[in-house]
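> Handing you a structure now.
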Amino acid sequence: MRRARKAPVRAGDPDAVPGLAARRVAADIVDGVLRRRRPLDAMLDGASPQSAGLAALPERDRALTRALAAMVLRRLGTLRHLISLFLERGPPAQAPLVETALLLGVAQILFLQIPDHAAVDLSVRLVRTNREAMHFAGLVNAVLRRVAREGAERLVALDPVVLDTPGWLLARWIKTYGEPTARAIAAANSHEPALDVTVKSDAETWATRLNGRVLPTGSVRTIAHGVVTALPGFAEGAWWVQDAAAALPTRLFGDLAGRRVADLCAAPGGKTAQLAGSGARVTAVDRAEARLNRVRENLARLSLSAELICADVAAWSPEQPFEAVLLDAPCSSTGTIRRHPDVPWLKRAADIAALSRVQAQLLEHALALTRSGGTLIYCTCSLEPEENEEVVAALLARNGGVRRVPITASEVLGRAEFISPDGDLRTLPCQLPDPDSRLAGLDGFYAARLEKL
C-alpha cells in the first residue's frame, strides 16, 4: 500500500513545532525587504501582512523574530558570502525561500548563539512548509551542517566591513571621510545599538531606574530587555525614545520659551516633543496622517501639546512666518543603518540625487516660512554631502538674504568632534566609543543653523 505523504507543518497549526512560527514570520519579513523592497519598519509596525503574523506570536517569539530579521539584514553580505562557500551554484532561483532559510540558519548558528541543532532543524522545517522549496530540504540540511562545523573558522578570514556594506556606499564614505573613518562607520553599523531616550527632567534618576547611563550629550542610554513600553517611566510619560544624535539639533535654537516654532516633516515626533518641552508654541507639520497620529499619541502620553497639521510641507502656507523653523528633511537615512539595517539594501546611488533636489526645494520653502531675523535649522540623518553641506551651500550661494550661524562645541556639550570645519553639526556612527560595543556609537546626523536676514 502506498504511504500517504505527510502534510507540511504550517506555522499556524495547533501542533506547530516550537519556534517555527517565529522563523516563518522572520522569513516573510526578510523576503519583504530583499525581494519586495519594503522598509523593515513598515513590516514591523502594522503596515503590512507580515505584521499580522508577528502580532499573533507570544512576546518572546516576537523579540526573536525581530532579532532574526535584523541580524540577517545587518550581516547580509557576510551571510551570502559564507553560503556561497558551501553552495557553489548558489541557492535555487525558483525557490527564494531556500536562500532565506539558509540566511536565517547561518545567522542563528554564527551570530545569535542559537544551538546548532535547533537552527538546522527549524530551517529545514521552514523550507518544508513551501511547495517550491520543500524539495531542497536536504540541501538546506547539508549546507547548514557544514556551516555549523566550519563556519566559525571561515568567518575569521572575512572582511565584514567590505561584505556588509554595498560597494557603492562604502566608496562614497571613503571619498567623503577617508578610508579609516569609512571603515569605522561600517564597523559601527554591524553592531545592534542600545536604546537611547530623551527624558523630560532628572536624567540621572532615570538612568538609574533604567539601568543605564547619562551620555555626554544628555541622553540616557540603556540596553533594553523586553518591551520598551513596559520599561519604568514609559507609561507615565517621563521619556521618549530618541537617538542621542537626533536629540542635538533642537538645542541649536537656544531659549525657545514662548516662541512660535514650526517643526517640518515632524514625524515620528521626537523633536516635536523636545520643542514642546522647552516651552515653545509648536506647529508640527507632516504629510502622512498615520505618522502624525503617532506624534499625537506620543505627545498625549508625555502630557505635551503642539498644533498638528497634516499637509505637504512644500505647499503649506501659514498665515504668519515663524520665529524658528526646524526642517528635518526626508533623506537616504544612511546615518541610521545601525538602527535600520535594511537601508543599505533598499537605497541606490540614484536616490541620493533625487532626494537632494527635494531637500533643496524644502529648504527654500522653509526659509520662506521663517520671519526676518528668525532661525532655521536644516537637518538630516544622512551621511551624504549632497544631502547636507551641498544643499546648504547652494542655498547660501543663490540667496543673499540668509547666512550660516556657526555652531560651537559648547552648544553640543563640548563635543568638538561633532562640529564640521564649516561650523555645522556632523555626528558619525563610530563616535562616542565604548569598550562595550552595545553602548557605543550614535546615529550619523547633520544640522546647519541659518539666520534669515
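Chain lettering (A, B, ...) mirrors the order of the C-alpha cells, residue numbering begins at 1 for each chain separately, and ligand numbering begins at 1 in order of display.
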Would you kindly return, as JSON, numbers by chain, each protein, DNA or RNA residue with an atom no farther than 12 Å from any atom of Tyr177 (chain A), considering only C-alpha atoms and excluding same-chain residues fewer than 2 positions away?
{"A": [170, 171, 172, 173, 174, 175, 179, 180, 181, 182, 183, 184, 185, 186, 383, 384, 385, 420, 426, 427, 428, 430]}
> Can you list, as number ranges by chain, every protein, DNA or RNA residue that comes within 6 Å of Ala266 (chain A) when you count only C-alpha atoms, leaving out same-chain residues fewer than 6 positions away?
A: 284-286
> Which one is closest to Arg66 (chain A): A:Ala95, A:Leu104, A:Leu79, A:Ala324? Count only C-alpha atoms.
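Looking at the shortest contact to Arg66 (chain A), the residue is A:Leu104.
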> Using DSSP secondary structure from the backbone, list all alpha helix (DSSP H) positions within region 273-304 of chain A, as a VMD selection string.
chain A and resid 273 to 277 289 to 302
> With N, CA and C atoms retained, export the selected residues as a compact mmCIF listing (two decimals), in the first residue's frame.

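After the write, selection_0.txt holds the following:
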# COMPACT_ATOMS: atom_id res chain seq x y z
N ALA A 273 8.45 66.77 20.50
CA ALA A 273 8.37 66.67 21.96
C ALA A 273 9.43 67.54 22.63
N GLN A 274 10.64 67.55 22.07
CA GLN A 274 11.70 68.40 22.64
C GLN A 274 11.31 69.87 22.58
N LEU A 275 10.80 70.30 21.43
CA LEU A 275 10.42 71.70 21.26
C LEU A 275 9.29 72.07 22.20
N ALA A 276 8.29 71.20 22.29
CA ALA A 276 7.16 71.48 23.19
C ALA A 276 7.62 71.49 24.64
N GLY A 277 8.52 70.57 24.97
CA GLY A 277 9.03 70.50 26.34
C GLY A 277 9.87 71.70 26.72
N GLU A 289 -0.80 61.14 7.55
CA GLU A 289 -1.74 61.19 8.66
C GLU A 289 -1.45 60.11 9.70
N ALA A 290 -1.11 58.90 9.22
CA ALA A 290 -0.85 57.81 10.16
C ALA A 290 0.35 58.13 11.04
N ARG A 291 1.39 58.68 10.44
CA ARG A 291 2.58 59.04 11.22
C ARG A 291 2.28 60.21 12.16
N LEU A 292 1.45 61.12 11.72
CA LEU A 292 1.08 62.25 12.57
C LEU A 292 0.25 61.78 13.76
N ASN A 293 -0.55 60.75 13.57
CA ASN A 293 -1.32 60.20 14.68
C ASN A 293 -0.40 59.64 15.76
N ARG A 294 0.73 59.08 15.34
CA ARG A 294 1.68 58.57 16.32
C ARG A 294 2.32 59.72 17.10
N VAL A 295 2.55 60.84 16.41
CA VAL A 295 3.05 62.03 17.12
C VAL A 295 2.02 62.47 18.15
N ARG A 296 0.76 62.46 17.74
CA ARG A 296 -0.33 62.88 18.65
C ARG A 296 -0.38 61.98 19.88
N GLU A 297 -0.29 60.68 19.66
CA GLU A 297 -0.34 59.73 20.78
C GLU A 297 0.84 59.92 21.71
N ASN A 298 2.01 60.15 21.13
CA ASN A 298 3.20 60.32 21.96
C ASN A 298 3.11 61.60 22.80
N LEU A 299 2.64 62.68 22.19
CA LEU A 299 2.50 63.93 22.93
C LEU A 299 1.50 63.77 24.07
N ALA A 300 0.42 63.04 23.82
CA ALA A 300 -0.58 62.82 24.87
C ALA A 300 0.04 62.04 26.03
N ARG A 301 0.84 61.02 25.72
CA ARG A 301 1.49 60.24 26.77
C ARG A 301 2.44 61.10 27.59
N LEU A 302 3.11 62.03 26.91
CA LEU A 302 4.10 62.89 27.56
C LEU A 302 3.50 64.13 28.21
> Mind checking which residues fall within 12 Å of Ala409 (chain A), counting only C-alpha atoms, ignoring those fewer than 4 positions away in the same chain, and posting them as a VMD selection string?
chain A and resid 217 248 251 to 252 413 to 421 423 to 426
> What's the 9 Å shell around region 374-377 of chain A, counting only C-alpha atoms, without same-chain residues fewer than 3 positions away, as a PyMOL selection string?
chain A and resi 249-250+252-253+322-328+366-367+370-371+447-453
> Could you please take those selected residues and save N, CA and C atoms as a PDB file, in the first residue's frame?

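For reference, again_25.pdb as written:
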ATOM      1  N   PRO A 249      19.873  68.619  17.336  1.00  0.00           N
ATOM      2  CA  PRO A 249      19.526  69.811  16.547  1.00  0.00           C
ATOM      3  C   PRO A 249      18.653  70.832  17.264  1.00  0.00           C
ATOM      4  N   THR A 250      17.679  70.388  18.060  1.00  0.00           N
ATOM      5  CA  THR A 250      16.800  71.365  18.704  1.00  0.00           C
ATOM      6  C   THR A 250      17.552  72.224  19.719  1.00  0.00           C
ATOM      7  N   LEU A 252      20.145  73.757  19.209  1.00  0.00           N
ATOM      8  CA  LEU A 252      20.828  74.836  18.496  1.00  0.00           C
ATOM      9  C   LEU A 252      19.995  76.113  18.404  1.00  0.00           C
ATOM     10  N   PHE A 253      18.711  76.031  18.783  1.00  0.00           N
ATOM     11  CA  PHE A 253      17.873  77.231  18.771  1.00  0.00           C
ATOM     12  C   PHE A 253      18.142  78.132  19.972  1.00  0.00           C
ATOM     13  N   PHE A 322       7.356  82.104  11.066  1.00  0.00           N
ATOM     14  CA  PHE A 322       7.712  81.646  12.411  1.00  0.00           C
ATOM     15  C   PHE A 322       9.046  82.238  12.857  1.00  0.00           C
ATOM     16  N   GLU A 323       9.184  82.368  14.171  1.00  0.00           N
ATOM     17  CA  GLU A 323      10.446  82.860  14.732  1.00  0.00           C
ATOM     18  C   GLU A 323      11.561  81.822  14.578  1.00  0.00           C
ATOM     19  N   ALA A 324      11.166  80.543  14.595  1.00  0.00           N
ATOM     20  CA  ALA A 324      12.139  79.460  14.462  1.00  0.00           C
ATOM     21  C   ALA A 324      11.501  78.341  13.639  1.00  0.00           C
ATOM     22  N   VAL A 325      12.296  77.751  12.752  1.00  0.00           N
ATOM     23  CA  VAL A 325      11.806  76.666  11.897  1.00  0.00           C
ATOM     24  C   VAL A 325      12.820  75.533  11.930  1.00  0.00           C
ATOM     25  N   LEU A 326      12.334  74.340  12.159  1.00  0.00           N
ATOM     26  CA  LEU A 326      13.167  73.136  12.114  1.00  0.00           C
ATOM     27  C   LEU A 326      12.718  72.293  10.927  1.00  0.00           C
ATOM     28  N   LEU A 327      13.622  72.038  10.006  1.00  0.00           N
ATOM     29  CA  LEU A 327      13.330  71.173   8.863  1.00  0.00           C
ATOM     30  C   LEU A 327      14.187  69.917   8.971  1.00  0.00           C
ATOM     31  N   ASP A 328      13.557  68.823   9.366  1.00  0.00           N
ATOM     32  CA  ASP A 328      14.220  67.512   9.397  1.00  0.00           C
ATOM     33  C   ASP A 328      13.835  66.833   8.096  1.00  0.00           C
ATOM     34  N   ALA A 366      11.177  76.331   3.523  1.00  0.00           N
ATOM     35  CA  ALA A 366      11.316  76.537   4.965  1.00  0.00           C
ATOM     36  C   ALA A 366      11.846  77.938   5.265  1.00  0.00           C
ATOM     37  N   LEU A 367      12.734  78.429   4.413  1.00  0.00           N
ATOM     38  CA  LEU A 367      13.250  79.785   4.598  1.00  0.00           C
ATOM     39  C   LEU A 367      12.137  80.811   4.440  1.00  0.00           C
ATOM     40  N   THR A 370      10.219  81.345   7.524  1.00  0.00           N
ATOM     41  CA  THR A 370      10.971  81.916   8.644  1.00  0.00           C
ATOM     42  C   THR A 370      10.901  83.437   8.569  1.00  0.00           C
ATOM     43  N   ARG A 371      10.581  84.096   9.662  1.00  0.00           N
ATOM     44  CA  ARG A 371      10.473  85.553   9.633  1.00  0.00           C
ATOM     45  C   ARG A 371      11.873  86.179   9.622  1.00  0.00           C
ATOM     46  N   ALA A 447      23.365  68.913  10.835  1.00  0.00           N
ATOM     47  CA  ALA A 447      22.494  70.062  11.020  1.00  0.00           C
ATOM     48  C   ALA A 447      23.258  71.345  10.744  1.00  0.00           C
ATOM     49  N   ALA A 448      22.601  72.264  10.081  1.00  0.00           N
ATOM     50  CA  ALA A 448      23.164  73.591   9.823  1.00  0.00           C
ATOM     51  C   ALA A 448      22.194  74.621  10.403  1.00  0.00           C
ATOM     52  N   ARG A 449      22.748  75.660  11.020  1.00  0.00           N
ATOM     53  CA  ARG A 449      21.929  76.733  11.601  1.00  0.00           C
ATOM     54  C   ARG A 449      22.024  77.962  10.686  1.00  0.00           C
ATOM     55  N   LEU A 450      20.875  78.407  10.258  1.00  0.00           N
ATOM     56  CA  LEU A 450      20.822  79.538   9.318  1.00  0.00           C
ATOM     57  C   LEU A 450      19.991  80.670   9.922  1.00  0.00           C
ATOM     58  N   GLU A 451      20.361  81.894   9.578  1.00  0.00           N
ATOM     59  CA  GLU A 451      19.603  83.063  10.018  1.00  0.00           C
ATOM     60  C   GLU A 451      19.081  83.810   8.800  1.00  0.00           C
ATOM     61  N   LYS A 452      17.793  84.122   8.853  1.00  0.00           N
ATOM     62  CA  LYS A 452      17.210  84.922   7.757  1.00  0.00           C
ATOM     63  C   LYS A 452      17.439  86.384   8.069  1.00  0.00           C
ATOM     64  N   LEU A 453      18.089  87.069   7.162  1.00  0.00           N
ATOM     65  CA  LEU A 453      18.484  88.460   7.414  1.00  0.00           C
ATOM     66  C   LEU A 453      17.330  89.418   7.147  1.00  0.00           C
TER      67      LEU A 453
END
> Taking the DSSP assignment computed from this structure's backbone, write out as a PyMOL selection string all residues of region 95-273 of chain A that belong to strand (DSSP E or B).
chain A and resi 195-199+213-214+220-222+239-241+260-264
> Restricted to N, CA, C and O atoms, what would the selected residues look like written as a PDB file, in the first residue's frame?

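Heads up, here's the output in again_37.pdb:
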ATOM      1  N   LEU A 195      19.435  51.365  23.462  1.00  0.00           N
ATOM      2  CA  LEU A 195      18.232  52.192  23.455  1.00  0.00           C
ATOM      3  C   LEU A 195      18.574  53.546  24.049  1.00  0.00           C
ATOM      4  O   LEU A 195      19.022  53.640  25.193  1.00  0.00           O
ATOM      5  N   ASP A 196      18.378  54.613  23.265  1.00  0.00           N
ATOM      6  CA  ASP A 196      18.579  55.983  23.743  1.00  0.00           C
ATOM      7  C   ASP A 196      17.227  56.613  24.013  1.00  0.00           C
ATOM      8  O   ASP A 196      16.283  56.460  23.210  1.00  0.00           O
ATOM      9  N   VAL A 197      17.119  57.330  25.116  1.00  0.00           N
ATOM     10  CA  VAL A 197      15.877  58.039  25.418  1.00  0.00           C
ATOM     11  C   VAL A 197      16.196  59.464  25.827  1.00  0.00           C
ATOM     12  O   VAL A 197      17.258  59.752  26.385  1.00  0.00           O
ATOM     13  N   THR A 198      15.263  60.356  25.511  1.00  0.00           N
ATOM     14  CA  THR A 198      15.326  61.734  25.979  1.00  0.00           C
ATOM     15  C   THR A 198      14.350  61.870  27.138  1.00  0.00           C
ATOM     16  O   THR A 198      13.176  61.506  27.005  1.00  0.00           O
ATOM     17  N   VAL A 199      14.837  62.342  28.272  1.00  0.00           N
ATOM     18  CA  VAL A 199      13.991  62.452  29.461  1.00  0.00           C
ATOM     19  C   VAL A 199      13.520  63.886  29.630  1.00  0.00           C
ATOM     20  O   VAL A 199      14.198  64.843  29.242  1.00  0.00           O
ATOM     21  N   ARG A 213      22.925  54.805  31.626  1.00  0.00           N
ATOM     22  CA  ARG A 213      23.878  55.872  31.940  1.00  0.00           C
ATOM     23  C   ARG A 213      23.473  57.136  31.203  1.00  0.00           C
ATOM     24  O   ARG A 213      22.786  57.082  30.177  1.00  0.00           O
ATOM     25  N   VAL A 214      23.917  58.273  31.731  1.00  0.00           N
ATOM     26  CA  VAL A 214      23.693  59.538  31.044  1.00  0.00           C
ATOM     27  C   VAL A 214      24.872  59.766  30.107  1.00  0.00           C
ATOM     28  O   VAL A 214      26.032  59.753  30.532  1.00  0.00           O
ATOM     29  N   VAL A 220      19.852  59.486  27.842  1.00  0.00           N
ATOM     30  CA  VAL A 220      20.060  58.311  28.686  1.00  0.00           C
ATOM     31  C   VAL A 220      20.145  57.086  27.770  1.00  0.00           C
ATOM     32  O   VAL A 220      19.298  56.901  26.893  1.00  0.00           O
ATOM     33  N   ARG A 221      21.163  56.285  27.976  1.00  0.00           N
ATOM     34  CA  ARG A 221      21.375  55.092  27.160  1.00  0.00           C
ATOM     35  C   ARG A 221      21.287  53.849  28.029  1.00  0.00           C
ATOM     36  O   ARG A 221      21.889  53.790  29.110  1.00  0.00           O
ATOM     37  N   THR A 222      20.552  52.853  27.550  1.00  0.00           N
ATOM     38  CA  THR A 222      20.414  51.597  28.277  1.00  0.00           C
ATOM     39  C   THR A 222      20.307  50.453  27.287  1.00  0.00           C
ATOM     40  O   THR A 222      19.991  50.661  26.108  1.00  0.00           O
ATOM     41  N   TRP A 239       9.762  59.952  29.518  1.00  0.00           N
ATOM     42  CA  TRP A 239      10.793  59.971  28.477  1.00  0.00           C
ATOM     43  C   TRP A 239      10.227  59.460  27.166  1.00  0.00           C
ATOM     44  O   TRP A 239       9.121  58.910  27.124  1.00  0.00           O
ATOM     45  N   TRP A 240      10.975  59.649  26.108  1.00  0.00           N
ATOM     46  CA  TRP A 240      10.607  59.083  24.811  1.00  0.00           C
ATOM     47  C   TRP A 240      11.873  58.580  24.129  1.00  0.00           C
ATOM     48  O   TRP A 240      12.981  59.026  24.404  1.00  0.00           O
ATOM     49  N   VAL A 241      11.697  57.622  23.232  1.00  0.00           N
ATOM     50  CA  VAL A 241      12.819  57.021  22.526  1.00  0.00           C
ATOM     51  C   VAL A 241      13.318  57.998  21.469  1.00  0.00           C
ATOM     52  O   VAL A 241      12.539  58.507  20.657  1.00  0.00           O
ATOM     53  N   ARG A 260       7.200  81.008  18.731  1.00  0.00           N
ATOM     54  CA  ARG A 260       6.468  80.206  17.745  1.00  0.00           C
ATOM     55  C   ARG A 260       7.480  79.440  16.890  1.00  0.00           C
ATOM     56  O   ARG A 260       8.370  80.038  16.274  1.00  0.00           O
ATOM     57  N   VAL A 261       7.327  78.126  16.872  1.00  0.00           N
ATOM     58  CA  VAL A 261       8.272  77.261  16.163  1.00  0.00           C
ATOM     59  C   VAL A 261       7.511  76.319  15.245  1.00  0.00           C
ATOM     60  O   VAL A 261       6.504  75.728  15.652  1.00  0.00           O
ATOM     61  N   ALA A 262       8.011  76.163  14.015  1.00  0.00           N
ATOM     62  CA  ALA A 262       7.448  75.186  13.084  1.00  0.00           C
ATOM     63  C   ALA A 262       8.389  73.995  13.000  1.00  0.00           C
ATOM     64  O   ALA A 262       9.596  74.159  12.797  1.00  0.00           O
ATOM     65  N   ASP A 263       7.836  72.803  13.184  1.00  0.00           N
ATOM     66  CA  ASP A 263       8.591  71.552  13.045  1.00  0.00           C
ATOM     67  C   ASP A 263       8.102  70.889  11.765  1.00  0.00           C
ATOM     68  O   ASP A 263       6.994  70.342  11.724  1.00  0.00           O
ATOM     69  N   LEU A 264       8.912  70.971  10.719  1.00  0.00           N
ATOM     70  CA  LEU A 264       8.507  70.478   9.401  1.00  0.00           C
ATOM     71  C   LEU A 264       8.998  69.053   9.178  1.00  0.00           C
ATOM     72  O   LEU A 264      10.121  68.719   9.533  1.00  0.00           O
TER      73      LEU A 264
END
> Can you work out the spacing between CA of Ala306 (chain A) and CA of Pro330 (chain A) in Å, to one decimal?
21.2 Å
> Applying 9 Å and only C-alpha atoms, which residues near Pro92 (chain A) remain after dropping the ones on its own chain fewer than 6 positions away? List them as a compact mmCIF listing (two decimals) with all heavy atoms, in the first residue's frame.

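Printed below is selection00.txt as written:
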# COMPACT_ATOMS: atom_id res chain seq x y z
N VAL A 98 14.49 29.12 -0.07
CA VAL A 98 15.69 28.36 0.26
C VAL A 98 16.80 29.30 0.72
O VAL A 98 17.44 29.08 1.76
CB VAL A 98 16.15 27.50 -0.94
CG1 VAL A 98 17.51 26.87 -0.66
CG2 VAL A 98 15.12 26.43 -1.25
N GLU A 99 17.05 30.37 -0.04
CA GLU A 99 18.09 31.31 0.39
C GLU A 99 17.72 31.95 1.72
O GLU A 99 18.57 32.10 2.61
CB GLU A 99 18.32 32.41 -0.65
CG GLU A 99 19.48 33.30 -0.23
CD GLU A 99 19.58 34.63 -0.97
OE1 GLU A 99 18.54 35.17 -1.37
OE2 GLU A 99 20.71 35.11 -1.13
N ALA A 133 9.98 25.11 -2.31
CA ALA A 133 11.25 24.93 -1.60
C ALA A 133 11.40 23.56 -0.95
O ALA A 133 12.52 23.14 -0.65
CB ALA A 133 11.39 26.01 -0.53
N PHE A 136 14.13 21.01 -1.58
CA PHE A 136 15.52 21.36 -1.29
C PHE A 136 15.84 21.25 0.20
O PHE A 136 16.85 21.77 0.66
CB PHE A 136 15.81 22.79 -1.77
CG PHE A 136 15.64 22.96 -3.26
CD1 PHE A 136 14.46 23.48 -3.78
CD2 PHE A 136 16.66 22.58 -4.13
CE1 PHE A 136 14.30 23.64 -5.15
CE2 PHE A 136 16.50 22.74 -5.50
CZ PHE A 136 15.32 23.26 -6.02
> Report as an MDAnalysis selection string all protein, DNA and RNA residues lying within 12 Å of Asp436 (chain A), evaluated on only C-alpha atoms, omitting residues in the same chain fewer than 5 positions from it.
chainID A and resid 188 191:194 222:223 441
> Just give me the gap between CA of Arg80 (chain A) and CA of Asp443 (chain A) in Å, one decimal is fine.
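Pair CA of Arg80 (chain A) / CA of Asp443 (chain A) returns 26.2 Å.
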> Find the distance between CA of Pro96 (chain A) and CA of Ala349 (chain A) and write it in Å to one decimal.
25.8 Å
> Hey, which of A:Gly32, A:Gly237, A:Gly77, A:Pro18 ends up closest to Leu57 (chain A)? Count only C-alpha atoms.
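Once distances to Leu57 (chain A) are computed over only C-alpha atoms, the minimum belongs to A:Pro18.
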> Would you please work out which residue, of A:Leu40, A:Ala119, A:Ala397, A:Ala280, is nearest to Arg74 (chain A) when using only C-alpha atoms?
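Looking only at the distances to Arg74 (chain A), the closest residue turns out to be A:Leu40.
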> Do a neighbour search on Ala69 (chain A) at 12 Å with only C-alpha atoms, toss out local chain neighbours closer than 5 positions, and write the hits as a ChimeraX atom specification.
/A:22-34,39-41,43-44,50,54,62-64,74-76,100-101,103-105,107-108,112,340-342
> Now that the selection is made, can you save its residues with N, CA, C and O atoms as a compact mmCIF listing (two decimals), in the first residue's frame?

# COMPACT_ATOMS: atom_id res chain seq x y z
N ALA A 22 7.97 31.67 14.52
CA ALA A 22 8.85 32.85 14.55
C ALA A 22 9.75 32.87 13.35
O ALA A 22 9.97 33.92 12.73
N ARG A 23 10.30 31.70 12.96
CA ARG A 23 11.18 31.65 11.79
C ARG A 23 10.42 31.95 10.51
O ARG A 23 10.94 32.60 9.61
N ARG A 24 9.18 31.50 10.46
CA ARG A 24 8.42 31.74 9.23
C ARG A 24 8.10 33.23 9.07
O ARG A 24 8.21 33.78 7.98
N VAL A 25 7.71 33.87 10.18
CA VAL A 25 7.43 35.31 10.09
C VAL A 25 8.72 36.07 9.77
O VAL A 25 8.72 37.00 8.96
N ALA A 26 9.83 35.68 10.38
CA ALA A 26 11.11 36.33 10.08
C ALA A 26 11.47 36.16 8.61
O ALA A 26 11.97 37.09 7.97
N ALA A 27 11.21 34.97 8.06
CA ALA A 27 11.48 34.74 6.64
C ALA A 27 10.62 35.64 5.77
O ALA A 27 11.09 36.20 4.77
N ASP A 28 9.35 35.82 6.14
CA ASP A 28 8.47 36.72 5.37
C ASP A 28 9.00 38.16 5.41
O ASP A 28 8.95 38.88 4.41
N ILE A 29 9.48 38.58 6.57
CA ILE A 29 9.97 39.95 6.72
C ILE A 29 11.24 40.16 5.89
O ILE A 29 11.38 41.14 5.16
N VAL A 30 12.18 39.21 5.99
CA VAL A 30 13.42 39.31 5.20
C VAL A 30 13.09 39.31 3.71
O VAL A 30 13.65 40.11 2.93
N ASP A 31 12.19 38.44 3.30
CA ASP A 31 11.80 38.40 1.89
C ASP A 31 11.15 39.71 1.46
O ASP A 31 11.36 40.19 0.35
N GLY A 32 10.35 40.30 2.35
CA GLY A 32 9.71 41.58 2.04
C GLY A 32 10.71 42.67 1.77
O GLY A 32 10.53 43.50 0.87
N VAL A 33 11.80 42.70 2.52
CA VAL A 33 12.84 43.71 2.32
C VAL A 33 13.64 43.42 1.05
O VAL A 33 13.81 44.30 0.19
N LEU A 34 14.13 42.20 0.92
CA LEU A 34 15.08 41.88 -0.14
C LEU A 34 14.43 41.69 -1.50
O LEU A 34 15.05 42.00 -2.52
N PRO A 39 10.24 48.66 3.41
CA PRO A 39 11.03 49.06 4.58
C PRO A 39 10.76 48.13 5.76
O PRO A 39 9.63 47.71 6.00
N LEU A 40 11.80 47.84 6.49
CA LEU A 40 11.68 46.95 7.64
C LEU A 40 10.70 47.49 8.66
O LEU A 40 9.85 46.74 9.18
N ASP A 41 10.78 48.78 8.97
CA ASP A 41 9.87 49.36 9.97
C ASP A 41 8.41 49.17 9.60
O ASP A 41 7.57 48.91 10.46
N MET A 43 7.06 46.79 8.03
CA MET A 43 6.62 45.42 8.26
C MET A 43 6.58 45.05 9.72
O MET A 43 6.02 44.02 10.10
N LEU A 44 7.16 45.87 10.57
CA LEU A 44 7.18 45.58 11.99
C LEU A 44 6.15 46.37 12.78
O LEU A 44 5.91 46.07 13.95
N GLN A 50 2.77 40.95 6.98
CA GLN A 50 3.70 40.27 7.88
C GLN A 50 3.46 40.69 9.33
O GLN A 50 3.72 39.91 10.24
N LEU A 54 3.30 38.60 12.98
CA LEU A 54 4.16 38.99 14.09
C LEU A 54 3.33 39.24 15.34
O LEU A 54 3.68 38.80 16.44
N ARG A 62 8.13 37.20 19.33
CA ARG A 62 8.19 38.46 18.56
C ARG A 62 9.58 39.05 18.65
O ARG A 62 10.13 39.53 17.66
N ALA A 63 10.15 39.04 19.85
CA ALA A 63 11.50 39.58 20.03
C ALA A 63 12.51 38.77 19.21
O ALA A 63 13.42 39.33 18.58
N LEU A 64 12.35 37.44 19.20
CA LEU A 64 13.25 36.60 18.43
C LEU A 64 13.11 36.88 16.93
O LEU A 64 14.11 36.96 16.21
N ARG A 74 21.62 43.02 8.82
CA ARG A 74 22.84 43.67 9.29
C ARG A 74 24.08 42.99 8.74
O ARG A 74 25.09 43.63 8.46
N ARG A 75 24.04 41.66 8.59
CA ARG A 75 25.21 40.90 8.16
C ARG A 75 24.95 40.18 6.83
O ARG A 75 25.53 39.13 6.56
N LEU A 76 24.11 40.78 6.00
CA LEU A 76 23.67 40.12 4.78
C LEU A 76 24.82 39.74 3.85
O LEU A 76 24.86 38.62 3.33
N THR A 100 16.46 32.34 1.88
CA THR A 100 16.04 32.98 3.13
C THR A 100 16.24 32.04 4.31
O THR A 100 16.73 32.46 5.37
N ALA A 101 15.88 30.77 4.14
CA ALA A 101 16.07 29.80 5.23
C ALA A 101 17.54 29.61 5.55
O ALA A 101 17.92 29.47 6.72
N LEU A 103 19.92 31.91 5.07
CA LEU A 103 20.36 33.14 5.74
C LEU A 103 19.98 33.12 7.22
O LEU A 103 20.80 33.44 8.10
N LEU A 104 18.74 32.73 7.50
CA LEU A 104 18.30 32.66 8.89
C LEU A 104 19.09 31.62 9.67
O LEU A 104 19.49 31.83 10.82
N GLY A 105 19.33 30.47 9.03
CA GLY A 105 20.05 29.40 9.70
C GLY A 105 21.48 29.79 10.03
O GLY A 105 21.96 29.59 11.16
N ALA A 107 22.73 32.83 10.29
CA ALA A 107 22.71 33.92 11.28
C ALA A 107 22.54 33.36 12.69
O ALA A 107 23.19 33.82 13.63
N GLN A 108 21.68 32.37 12.84
CA GLN A 108 21.46 31.78 14.17
C GLN A 108 22.69 31.04 14.66
O GLN A 108 23.06 31.13 15.83
N LEU A 112 23.82 34.50 16.63
CA LEU A 112 22.77 34.61 17.63
C LEU A 112 22.82 33.54 18.71
O LEU A 112 21.91 33.44 19.53
N HIS A 340 18.52 50.80 11.42
CA HIS A 340 17.69 50.41 10.27
C HIS A 340 18.56 49.65 9.26
O HIS A 340 18.97 50.19 8.24
N PRO A 341 18.84 48.38 9.55
CA PRO A 341 19.79 47.63 8.72
C PRO A 341 19.28 47.31 7.32
O PRO A 341 20.04 46.78 6.50
N ASP A 342 18.04 47.65 7.03
CA ASP A 342 17.52 47.46 5.66
C ASP A 342 17.96 48.58 4.72
O ASP A 342 17.93 48.41 3.50
> Counting only C-alpha atoms, which of A:Ala137, A:Ala267, A:Ala245, A:Leu82 gets nearest to Leu97 (chain A)?
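Between A:Ala137, A:Ala267, A:Ala245, A:Leu82, the residue approaching Leu97 (chain A) most closely is A:Ala137.
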> A:Ala187, A:Ala440, A:Trp168, A:Ile109: which is nearest Ile352 (chain A), counting only C-alpha atoms?
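Residue with the minimum atom-to-atom distance to Ile352 (chain A): A:Trp168.
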> Between A:Ser410, A:Gln359, A:Ser84, A:Ser123, which one has atoms that come closest to Gly19 (chain A), using only C-alpha atoms?
A:Ser123
